[in-house]
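Here's the structure we're looking at; comments come further down.
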Amino acid sequence: MHSINLAAEKINPLLPHTAELVVGAIAFTLLYLVLRSKVVPMFEKAFTARTEAIQGGMERAEKAQLEAERALRQYTEQLSKARDEAHSLREDARAQGVAIVEELRTKAQEEAGRITAAAHASIEAERQAAIASLRTEVGTIAIELASKIVGESLDDQARASRVVDRFLDDLETATNPTNSNN
Amino acid sequence: MRSLHLLSASGGGFVPPSSNDFIFPSFFGHSQYATKPILLVFLSVLLISIFFILASRKAAIVPSKLQFAGESLYGFVRNDLGRDIIGHEFMRFVPYLFTLFVFILTNNIFGIVPLLQFPTMSHVSFPYVLAIITFVVFHYIGIRKQGIRKYIKDIMFMPGVPKAAYILLTPIEIATYFITRPLTLALRLFANMFAGHLLLLVFILGGDHLLKGVIGLKLISPFAFAFGIGLTFFEFLVQCLQAYIFTLLTALYIAGALADEH
């Protein structure tokens with residue numbers, strides 16, 4: 001061990017000094033306790049808080065981005081839905097238009113058919129009426145002709161043909177009095 | 001003591017600084033507990049505690065300059081020496097490594113602080129204490145982690161080597177773990193600080209002595225002082241480096257004790 005009284009002697013610097021060993025151990029332990037209890041936890045707290053602040057910021061940003069993406073998806077969805085709706089409305093309208101036209105056409109055709117049928121019916125009725133009246137008229141005329149033939153003597157060929165001609169002339173004037181002069 | 005030497009120097013030639021320059025008188029009588037190195041050690045504890053308590057008190061997310069300075073030092077020890085070397089269990093050892101680093105650093109730097117101008121670690125007792133603590137810590141951790149049988153067995157018979165190699169390896173390994181490691185740890189720090197302080201003394205006291213000589217010697221004196229100042233910067237580097245190395249090796253030893261195989 002050193003002694004201050006031996007300044008002139010060569011002291012071995014590798015020999016420890018009891019007081020310094022004791023003080024070194026005490027001082028170091030003291031410092032260790034102070035740093036461990038007061039300093040390290042505070043620095044760790046600051047580190048943790050900083051890490052959390054950075055991570056929290058990042059998480060917030062991520063959340064905002066997700067929200068934005070969700071909104072965008074929603075808008076896109078709504079837009080395409082609206083487009084689909086417009087398209088289907090257009091389709092409906094077109095289909096309705098086609099149906100209306102079709103209906104009108106059918107109705108018109110039916111009407112035309114009905115009119116044609118009525119015309120046919122009336123023509124047929126008139127024809128029947130004409131046939132009936134002709135028949136009675138021909139009968140009457142035939143009877144009239146017969147009586148005429150019976151009434152006059154039919155021995156003469158020339159006379160007979162005269163009678164027929166006259167009859168035919170009469171017939172012509174009777175059936176077509178307006179054109180009798182032609 | 002220096003005054004004693006100077007008295008003798010005025011009579012005769014230059015007395016070169018020696019290990020005697022590392023001996024200080026007691027401030028109070030013959031008490032061994034009132035010398036300059038011991039007071040410096042207590043001063044270092046006081047300064048470090050005050051500085052770091054002030055720096056860490058607020059623990060703000062956005063640090064002040066003071067907090068930033070403290071955090072930088074702490075973060076350096078915590079991440080570069082603790083986390084990167086020890087691995088996932090590092091947080092248990094951060095207080096020890098941090099205390100070790102700032103304690104050695106401060107006491108080393110006392111060597112170039114004006115008025116204090118003495119690196120406490122050039123008194124071998126302090127490095128001895130620190131090396132003993134590290135020695136106890138890393139062996140204790142190894143025994144706790146692996147059980148005393150396996151721990152001693154792994155040191156004596158390193159797994160994965162041919163049996164014949166144990167003739168050489170076993171004595172080397174035992175010497176490494178129980179003698180070389182603590183001894184080199186302490187002596188490296190002590191010798192660097194001791195030699196550095198001696199070197200500074202040579203140039204500063206030499207320059208001072210030259211100044212008292214004849215005119216020719218007086219002209220050389222400024223060069224000695226300039227060299228002394230240059231060496232002071234160099235010493236600062238060595239002081240930081242030695243604090244780093246001591247802490248780094250402690251972290252490596254702890255990491256080795258925690259690892260399953262040496």
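The chains in the structure tokens are called A, B, ... from first to last as shown; in each chain the residues are counted from 1, and the ligands are counted from 1 in the order shown.
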Please find the residues of chain B near chain A - the criterion being any atom within 7 Å, counting only C-alpha atoms - and write them as a PDB file with C-alpha atoms, in the first residue's frame.
```pdb
ATOM      1  CA  SER B  19       4.995   6.956 -10.586  1.00  0.00           C
ATOM      2  CA  ASN B  20       5.667   9.123  -7.557  1.00  0.00           C
ATOM      3  CA  ILE B  23       0.788   9.983  -5.095  1.00  0.00           C
ATOM      4  CA  PHE B  24      -1.161  12.733  -3.415  1.00  0.00           C
ATOM      5  CA  PRO B  25      -1.055  13.969   0.179  1.00  0.00           C
ATOM      6  CA  GLN B  32      -6.361   7.826   3.480  1.00  0.00           C
ATOM      7  CA  TYR B  33      -9.914   8.783   2.451  1.00  0.00           C
ATOM      8  CA  ILE B  38     -10.925   9.790  -3.892  1.00  0.00           C
ATOM      9  CA  VAL B  41     -14.315   9.864  -7.764  1.00  0.00           C
ATOM     10  CA  PHE B  42     -16.998  11.318  -5.495  1.00  0.00           C
ATOM     11  CA  VAL B  45     -20.561  10.509  -9.046  1.00  0.00           C
ATOM     12  CA  SER B  49     -25.946  12.095 -11.178  1.00  0.00           C
ATOM     13  CA  PHE B  52     -28.377  12.828 -15.993  1.00  0.00           C
ATOM     14  CA  ILE B  53     -31.134  13.531 -13.487  1.00  0.00           C
ATOM     15  CA  SER B  56     -33.866  12.819 -17.980  1.00  0.00           C
ATOM     16  CA  ARG B  57     -36.238  14.562 -15.555  1.00  0.00           C
ATOM     17  CA  ALA B  59     -38.554  12.657 -20.486  1.00  0.00           C
ATOM     18  CA  ALA B  60     -40.202  14.738 -23.202  1.00  0.00           C
ATOM     19  CA  ILE B  61     -41.045  13.350 -26.614  1.00  0.00           C
ATOM     20  CA  GLU B  71     -30.202  10.652 -24.401  1.00  0.00           C
ATOM     21  CA  PRO B  95     -28.102   0.220 -16.225  1.00  0.00           C
ATOM     22  CA  TYR B  96     -24.818  -1.534 -15.436  1.00  0.00           C
ATOM     23  CA  THR B  99     -23.044   3.352 -15.297  1.00  0.00           C
ATOM     24  CA  VAL B 124      -5.073   0.966 -10.432  1.00  0.00           C
ATOM     25  CA  SER B 125      -7.470   0.341  -7.529  1.00  0.00           C
ATOM     26  CA  PHE B 126     -10.428   1.808  -9.437  1.00  0.00           C
ATOM     27  CA  VAL B 129     -12.860  -2.648  -8.627  1.00  0.00           C
TER      28      VAL B 129
END
```
Which neighbours of Ile132 in chain B fall inside 10 Å, counting only C-alpha atoms, when residues of the same chain fewer than 3 positions from it are skipped, and could you give them as a CSV table (one decimal) with C-alpha atoms, in the first residue's frame?
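Okay, this is what ended up in selection.csv:
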```
chain,number,residue,atom,x,y,z
A,25,ALA,CA,-16.8,0.2,-4.9
B,126,PHE,CA,-10.4,1.8,-9.4
B,127,PRO,CA,-10.0,-0.3,-12.6
B,128,TYR,CA,-9.5,-3.3,-10.3
B,129,VAL,CA,-12.9,-2.6,-8.6
B,135,PHE,CA,-15.9,-10.6,-13.5
B,136,VAL,CA,-18.5,-11.4,-10.9
B,137,VAL,CA,-21.4,-10.2,-13.0
B,182,PRO,CA,-10.5,-9.5,-15.5
B,183,LEU,CA,-6.7,-8.7,-15.4
B,185,LEU,CA,-9.7,-5.4,-18.5
B,186,ALA,CA,-8.3,-3.6,-15.5
```
Which residue out of B:Ile245, B:Ile86, B:Leu210, B:Ala69 has the minimum interatomic distance to Phe14 in chain B when only C-alpha atoms are used?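 Of B:Ile245, B:Ile86, B:Leu210, B:Ala69, the one nearest Phe14 in chain B is B:Leu210, counting only C-alpha atoms.
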So what do you get for CA of Asn79 in chain B versus CA of Ile133 in chain B, distance-wise?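 So the answer is 21.9 Å.
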Any idea what the distance is between CA of Phe76 in chain B and CA of Ile254 in chain B?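 Computing the Euclidean distance for CA of Phe76 in chain B and CA of Ile254 in chain B yields 17.6 Å.
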Contacts of Leu248 in chain B within 9 Å, only C-alpha atoms, excl. fewer than 6 positions in-chain, as a VMD selection string: chain B and resid 77 81 to 82 85 97
For range 147-163 of chain B, please output as a list in words all residues within 9 Å (counting only C-alpha atoms; exclusion window: fewer than 5 positions along the same chain).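 The filter keeps His139, Gly142, Leu169, Thr170, Pro171, Ile172, Glu173, Ile174, Tyr177, Ala257, Glu261 and His262 of chain B.
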Pick out each residue of range 6-218 of chain B that DSSP on the backbone tags as alpha helix (DSSP H); I need them as an NGL selection string. :B and (6-11 or 36-56 or 65-75 or 84-86 or 94-109 or 125-146 or 148-156 or 166-175 or 181-211 or 215-218)
